[in-house]
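Shown next: entry-v2.tsv, given as TSV, C-alpha atoms.
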chain	number	residue	atom	x	y	z
O	262	MET	CA	212.77	-147.90	-102.04
O	263	LEU	CA	216.44	-147.28	-101.14
O	264	GLN	CA	217.29	-146.94	-104.82
O	265	LEU	CA	214.53	-144.37	-105.14
O	266	LEU	CA	215.89	-142.41	-102.17
O	267	ALA	CA	219.46	-142.63	-103.48
O	268	GLN	CA	218.49	-140.99	-106.78
O	269	GLN	CA	219.60	-137.42	-107.20
O	270	ALA	CA	219.48	-134.83	-109.91
O	271	PRO	CA	222.77	-133.31	-111.11
O	272	GLY	CA	223.94	-130.61	-108.72
O	273	GLU	CA	221.44	-131.60	-106.06
O	274	LEU	CA	224.11	-132.83	-103.65
O	275	GLU	CA	226.06	-129.59	-104.07
O	276	ALA	CA	222.96	-127.48	-103.48
O	277	GLY	CA	222.06	-129.50	-100.42
O	278	LEU	CA	225.53	-129.23	-98.93
O	279	THR	CA	225.53	-125.47	-99.61
O	280	ALA	CA	222.24	-125.11	-97.75
O	281	ILE	CA	223.58	-127.14	-94.82
O	282	GLY	CA	226.78	-125.05	-94.74
O	283	ARG	CA	224.76	-121.85	-94.82
O	284	GLY	CA	222.67	-123.04	-91.90
O	285	ILE	CA	225.73	-124.03	-89.86
O	286	VAL	CA	227.48	-120.72	-90.59
O	287	TYR	CA	224.54	-118.57	-89.59
O	288	GLY	CA	223.46	-120.79	-86.71
O	289	GLY	CA	226.94	-120.69	-85.20
O	290	ALA	CA	227.28	-116.97	-85.77
O	291	ALA	CA	223.94	-116.25	-84.08
O	292	ILE	CA	224.38	-118.46	-81.02
O	293	GLY	CA	227.78	-117.02	-80.05
O	294	PRO	CA	226.79	-113.33	-80.05
O	295	GLY	CA	223.49	-114.18	-78.33
O	296	ILE	CA	225.39	-115.75	-75.42
O	297	GLY	CA	227.98	-112.96	-75.53
O	298	ILE	CA	225.40	-110.16	-75.31
O	299	GLY	CA	223.68	-111.97	-72.45
O	300	ILE	CA	226.96	-112.14	-70.53
O	301	VAL	CA	227.85	-108.49	-71.29
O	302	VAL	CA	224.48	-107.10	-70.21
O	303	GLY	CA	224.16	-109.41	-67.21
O	304	ASN	CA	227.52	-108.34	-65.86
O	305	ALA	CA	226.80	-104.69	-66.62
O	306	ILE	CA	223.59	-104.84	-64.60
O	307	THR	CA	225.46	-106.50	-61.72
O	308	ALA	CA	228.08	-103.75	-61.88
O	309	MET	CA	225.42	-101.02	-61.89
O	310	ALA	CA	223.67	-102.64	-58.91
O	311	ARG	CA	226.93	-102.81	-56.96
O	312	GLN	CA	228.14	-99.36	-57.91
O	313	PRO	CA	225.28	-97.17	-59.17
O	314	GLU	CA	227.46	-94.07	-59.35
O	315	ALA	CA	229.49	-95.74	-62.13
O	316	ALA	CA	226.39	-96.49	-64.21
O	317	GLY	CA	227.37	-94.05	-66.96
O	318	MET	CA	230.76	-95.66	-67.50
O	319	VAL	CA	229.33	-99.16	-67.24
O	320	ARG	CA	226.65	-98.38	-69.83
O	321	THR	CA	229.25	-96.92	-72.18
O	322	THR	CA	231.34	-100.07	-71.94
O	323	MET	CA	228.22	-102.23	-72.20
O	324	PHE	CA	227.02	-100.51	-75.36
O	325	LEU	CA	230.40	-100.89	-77.04
O	326	GLY	CA	230.54	-104.53	-75.91
O	327	ILE	CA	227.13	-105.20	-77.41
O	328	ALA	CA	228.08	-103.50	-80.68
O	329	PHE	CA	231.34	-105.43	-80.99
O	330	THR	CA	229.60	-108.72	-80.21
O	331	GLU	CA	226.97	-107.89	-82.80
O	332	ALA	CA	229.70	-107.54	-85.42
O	333	LEU	CA	230.29	-111.29	-85.11
O	334	ALA	CA	226.65	-111.97	-85.96
O	335	LEU	CA	226.92	-109.63	-88.95
O	336	PHE	CA	230.02	-111.54	-90.12
O	337	GLY	CA	228.15	-114.85	-90.06
O	338	PHE	CA	225.05	-113.36	-91.58
O	339	VAL	CA	226.85	-111.79	-94.49
O	340	LEU	CA	228.93	-114.93	-95.04
O	341	ALA	CA	225.78	-117.07	-95.13
O	342	PHE	CA	224.27	-114.86	-97.83
O	343	ILE	CA	227.50	-114.79	-99.82
O	344	ILE	CA	227.76	-118.62	-99.67
O	345	ALA	CA	224.20	-118.86	-100.96
O	346	GLY	CA	225.10	-116.51	-103.80
B	486	MET	CA	217.38	-107.18	-57.53
B	487	ALA	CA	217.10	-103.52	-56.86
B	488	THR	CA	214.82	-101.83	-59.33
B	489	ASP	CA	215.50	-98.45	-57.73
B	490	LEU	CA	218.92	-98.08	-59.33
B	491	PRO	CA	219.44	-94.44	-60.24
B	492	LEU	CA	219.82	-95.43	-63.88
B	493	SER	CA	217.39	-92.77	-64.95
B	494	GLN	CA	219.72	-90.14	-63.50
B	495	THR	CA	222.62	-91.11	-65.75
B	496	PRO	CA	222.84	-89.38	-69.12
B	497	ALA	CA	221.83	-91.23	-72.28
B	498	VAL	CA	225.41	-92.27	-73.01
B	499	GLU	CA	224.37	-94.65	-75.79
B	500	ARG	CA	222.84	-91.77	-77.73
B	501	GLU	CA	225.96	-89.65	-77.31
B	502	LEU	CA	228.14	-92.51	-78.55
B	503	VAL	CA	225.94	-93.26	-81.54
B	504	PHE	CA	225.52	-89.62	-82.55
B	505	ASP	CA	229.32	-89.36	-82.56
B	506	MET	CA	229.58	-92.51	-84.67
B	507	VAL	CA	226.87	-91.42	-87.11
B	508	LYS	CA	228.51	-88.00	-87.52
B	509	ARG	CA	231.82	-89.67	-88.37
B	510	GLY	CA	230.01	-92.16	-90.62
B	511	VAL	CA	228.34	-89.38	-92.61
B	512	TRP	CA	231.66	-87.55	-92.88
B	513	PHE	CA	233.48	-90.70	-94.03
B	514	ALA	CA	230.69	-92.10	-96.28
B	515	PRO	CA	231.93	-90.45	-99.52
B	516	VAL	CA	235.32	-92.12	-99.08
B	517	ILE	CA	233.69	-95.53	-98.57
B	518	LEU	CA	231.45	-94.99	-101.60
B	519	LEU	CA	234.42	-93.93	-103.71
B	520	VAL	CA	236.45	-97.01	-102.73
B	521	ALA	CA	233.44	-99.27	-103.40
B	522	THR	CA	232.93	-97.66	-106.82
B	523	VAL	CA	236.59	-98.15	-107.74
B	524	ILE	CA	236.55	-101.83	-106.68
B	525	TRP	CA	233.06	-102.99	-107.72
B	526	GLY	CA	231.73	-100.29	-110.06
B	527	PRO	CA	228.22	-98.75	-109.92
B	528	GLN	CA	226.81	-101.87	-108.24
B	529	GLY	CA	229.39	-101.39	-105.51
B	530	THR	CA	228.31	-97.78	-104.96
B	531	ALA	CA	224.67	-98.75	-104.49
B	532	SER	CA	225.56	-101.70	-102.27
B	533	ALA	CA	227.91	-99.62	-100.11
B	534	ALA	CA	225.22	-96.93	-99.73
B	535	VAL	CA	222.72	-99.55	-98.56
B	536	ALA	CA	225.31	-101.01	-96.16
B	537	ILE	CA	226.13	-97.61	-94.63
B	538	ALA	CA	222.42	-96.85	-94.19
B	539	LEU	CA	221.90	-100.27	-92.58
B	540	VAL	CA	224.79	-99.81	-90.13
B	541	THR	CA	223.59	-96.33	-89.19
B	542	LEU	CA	220.00	-97.48	-88.67
B	543	ASN	CA	221.20	-100.48	-86.65
B	544	LEU	CA	223.27	-98.33	-84.29
B	545	LEU	CA	220.54	-95.70	-83.91
B	546	LEU	CA	217.93	-98.35	-83.08
B	547	ALA	CA	220.26	-99.97	-80.54
B	548	ALA	CA	220.99	-96.66	-78.85
B	549	ALA	CA	217.35	-95.57	-78.78
B	550	GLY	CA	216.24	-98.90	-77.30
B	551	LEU	CA	218.95	-99.08	-74.64
B	552	SER	CA	218.59	-95.43	-73.60
B	553	TRP	CA	214.87	-95.90	-73.16
B	554	ALA	CA	215.24	-99.21	-71.30
B	555	ALA	CA	217.88	-97.82	-68.93
B	556	LYS	CA	215.36	-95.26	-67.71
B	557	VAL	CA	212.73	-97.95	-67.07
B	558	SER	CA	214.51	-100.70	-65.09
B	559	PRO	CA	217.47	-103.11	-65.20
B	560	MET	CA	215.09	-105.89	-66.29
B	561	ALA	CA	213.94	-103.77	-69.22
B	562	LEU	CA	217.59	-103.15	-70.09
B	563	MET	CA	218.26	-106.90	-70.25
B	564	ALA	CA	215.10	-107.58	-72.25
B	565	VAL	CA	215.68	-104.75	-74.72
B	566	SER	CA	219.34	-105.73	-75.18
B	567	LEU	CA	218.57	-109.32	-76.14
B	568	GLY	CA	215.24	-108.65	-77.85
B	569	GLY	CA	216.71	-105.71	-79.72
B	570	PHE	CA	219.59	-107.86	-80.94
B	571	ALA	CA	217.14	-110.41	-82.36
B	572	LEU	CA	214.96	-107.71	-83.92
B	573	ARG	CA	217.88	-105.85	-85.49
B	574	MET	CA	219.32	-109.04	-86.94
B	575	GLY	CA	215.85	-109.79	-88.28
B	576	LEU	CA	215.82	-106.36	-89.91
B	577	VAL	CA	219.21	-107.00	-91.55
B	578	CYS	CA	217.92	-110.42	-92.69
B	579	ILE	CA	214.80	-108.91	-94.27
B	580	VAL	CA	216.81	-106.22	-96.07
B	581	LEU	CA	219.28	-108.78	-97.42
B	582	LEU	CA	216.50	-111.17	-98.47
B	583	VAL	CA	214.67	-108.40	-100.31
B	584	LEU	CA	217.75	-106.98	-102.01
B	585	ARG	CA	219.85	-110.06	-102.77
B	586	ASN	CA	218.34	-110.70	-106.22
B	587	GLU	CA	218.24	-107.06	-107.29
B	588	PRO	CA	220.45	-106.45	-110.34
B	589	TRP	CA	221.97	-103.28	-108.83
B	590	ILE	CA	223.18	-105.05	-105.69
B	591	ASN	CA	226.53	-106.78	-105.27
B	592	LEU	CA	226.24	-109.00	-102.19
B	593	VAL	CA	230.01	-109.20	-101.63
B	594	ALA	CA	230.32	-105.40	-101.73
B	595	LEU	CA	227.33	-105.00	-99.42
B	596	GLY	CA	228.64	-107.58	-96.95
B	597	ILE	CA	232.18	-106.29	-96.81
B	598	THR	CA	231.04	-102.67	-96.47
B	599	LEU	CA	228.55	-103.64	-93.76
B	600	VAL	CA	231.18	-105.34	-91.60
B	601	VAL	CA	233.99	-102.87	-92.30
B	602	THR	CA	231.81	-99.80	-91.61
B	603	HIS	CA	230.36	-101.29	-88.42
B	604	LEU	CA	233.78	-102.26	-87.05
B	605	GLY	CA	235.48	-99.12	-88.34
B	606	LEU	CA	233.02	-96.78	-86.61
B	607	LEU	CA	233.27	-98.78	-83.39
B	608	PHE	CA	237.07	-98.77	-83.32
B	609	TRP	CA	237.07	-95.07	-84.15
B	610	GLU	CA	234.72	-94.38	-81.22
B	611	LEU	CA	236.73	-96.69	-78.98
B	612	LYS	CA	239.75	-94.49	-79.53
B	613	TYR	CA	237.91	-91.57	-77.92
B	614	VAL	CA	236.31	-93.64	-75.17
B	615	SER	CA	239.58	-95.26	-74.16
B	616	ALA	CA	241.27	-91.87	-74.09
B	617	SER	CA	239.24	-91.12	-70.98
B	618	MET	CA	237.21	-93.68	-69.07
B	619	ALA	CA	235.13	-90.76	-67.86
B	620	TYR	CA	233.84	-90.20	-71.37
B	621	PRO	CA	230.90	-89.70	-71.77
B	622	GLY	CA	229.04	-91.18	-68.82
B	623	LEU	CA	231.06	-89.64	-66.01
B	624	LYS	CA	231.72	-86.30	-67.62
B	625	PRO	CA	231.81	-83.72	-64.79
B	626	THR	CA	228.61	-81.74	-64.50
B	627	ALA	CA	228.34	-78.11	-63.45
B	628	ASP	CA	227.01	-79.19	-60.02
B	629	LYS	CA	229.95	-81.51	-59.34
B	630	GLU	CA	232.44	-78.87	-60.43
B	631	ALA	CA	230.83	-76.35	-58.09
B	632	VAL	CA	231.07	-78.81	-55.16
B	633	VAL	CA	234.76	-79.50	-55.90
B	634	SER	CA	235.65	-75.82	-56.10
Please express the file's structure as structure tokens.
Amino acid sequence: MLQLLAQQAPGELEAGLTAIGRGIVYGGAAIGPGIGIGIVVGNAITAMARQPEAAGMVRTTMFLGIAFTEALALFGFVLAFIIAG
Amino acid sequence: MATDLPLSQTPAVERELVFDMVKRGVWFAPVILLVATVIWGPQGTASAAVAIALVTLNLLLAAAGLSWAAKVSPMALMAVSLGGFALRMGLVCIVLLVLRNEPWINLVALGITLVVTHLGLLFWELKYVSASMAYPGLKPTADKEAVVS
């Protein structure tokens, strides 16, 4: 049974490792920005609640923060597709 | 949590930011396409065009969603921010999955253009935003100017 499981076709190990790497790259790149956007928006809402008159400035900063954080996800996403070829 | 924040009274700053970025993106697109053509050939041109369209659509969707949510409530803002992020990444995923095996697409060119255009437009906009923290959300209105004078 173990011998049967240990059998592999040529290139199978490489393909498997590539798939695992792709998953790690995209998984890592999606978790980070998800947490980051949560922190950015959460703090922006707190700031707007404390100082409503500054809402315009807070939203400007928040939007740019979201967009920059999103760039990290794009990095990981693109890299995952390039690794896969 | 106060749901009666006067968020709806603030201007749609996200739209203003994104319209600025899209205008600059359209103006700068020929240069990006030219560079992509020189480096990667015709495949690079097509890939760069797709990437620029994707970045523009991504920013417009983000701005539309956030501007709408800000008028509704802070909870909607939180939900649209995180949900919109997931949806927009899903959109990018679908586009890449559909296009990755097309013969006229170069994935490296598409990926590099996607990231460079996104970051480039943001840094370009940041230059104007950091020039004045009042831009564009706290821009003086006619009423405020009248009160001051």
(message) Counting all atoms listed in the file, which residue out of B:Ala547, B:Val540, B:Val577, B:Ala521 sits closest to B:Ala594?
(response) B:Ala521
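Between atom CA of B:Arg500 and atom CA of B:Gly550 the interatomic distance comes to 9.7 Å.
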(request) State, in Å with one decimal place, the distance from atom CA of B:Ser552 to atom CA of B:Val498. (result) 7.5 Å
Go through chain O residue by residue and, counting all atoms listed in the file, keep those with an atom at most 6 Å from chain B; for each kept residue give the shortest atom pair and its distance in Å to one decimal, ordered by chain and increasing number, as a Markdown table.
| residue | atom | partner | partner_atom | distance |
| --- | --- | --- | --- | --- |
| O:Gly317 | CA | B:Gly622 | CA | 3.8 |
| O:Met318 | CA | B:Gly622 | CA | 5.0 |
| O:Val339 | CA | B:Gly596 | CA | 5.2 |
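A straight line drawn from atom CA of O:Ala316 to atom CA of O:Val301 is 14.0 Å long.
Every protein, DNA or RNA residue with an atom at most 12 Å from O:Ile296, where all atoms listed in the file count and chain neighbours fewer than 6 positions away do not, is listed here: Gly289, Ala290, Val302, Gly303, Ile327, Thr330, Glu331, Leu333 and Ala334 of chain O; Ser566, Leu567 and Phe570 of chain B.
If only C-alpha atoms are the atoms counted, then among B:Val516, B:Leu576, B:Leu584, B:Ala554 the closest residue to O:Arg320 is B:Ala554.
Protein, DNA and RNA residues at most 12 Å from (233.0, -91.1, -96.2), with all atoms listed in the file, are these: B:Val507, B:Lys508, B:Arg509, B:Gly510, B:Val511, B:Trp512, B:Phe513, B:Ala514, B:Pro515, B:Val516, B:Ile517, B:Leu518, B:Leu519, B:Val520, B:Ala521, B:Thr530, B:Ala533, B:Ala534, B:Ile537, B:Thr598, B:Thr602, B:Gly605, B:Leu606.
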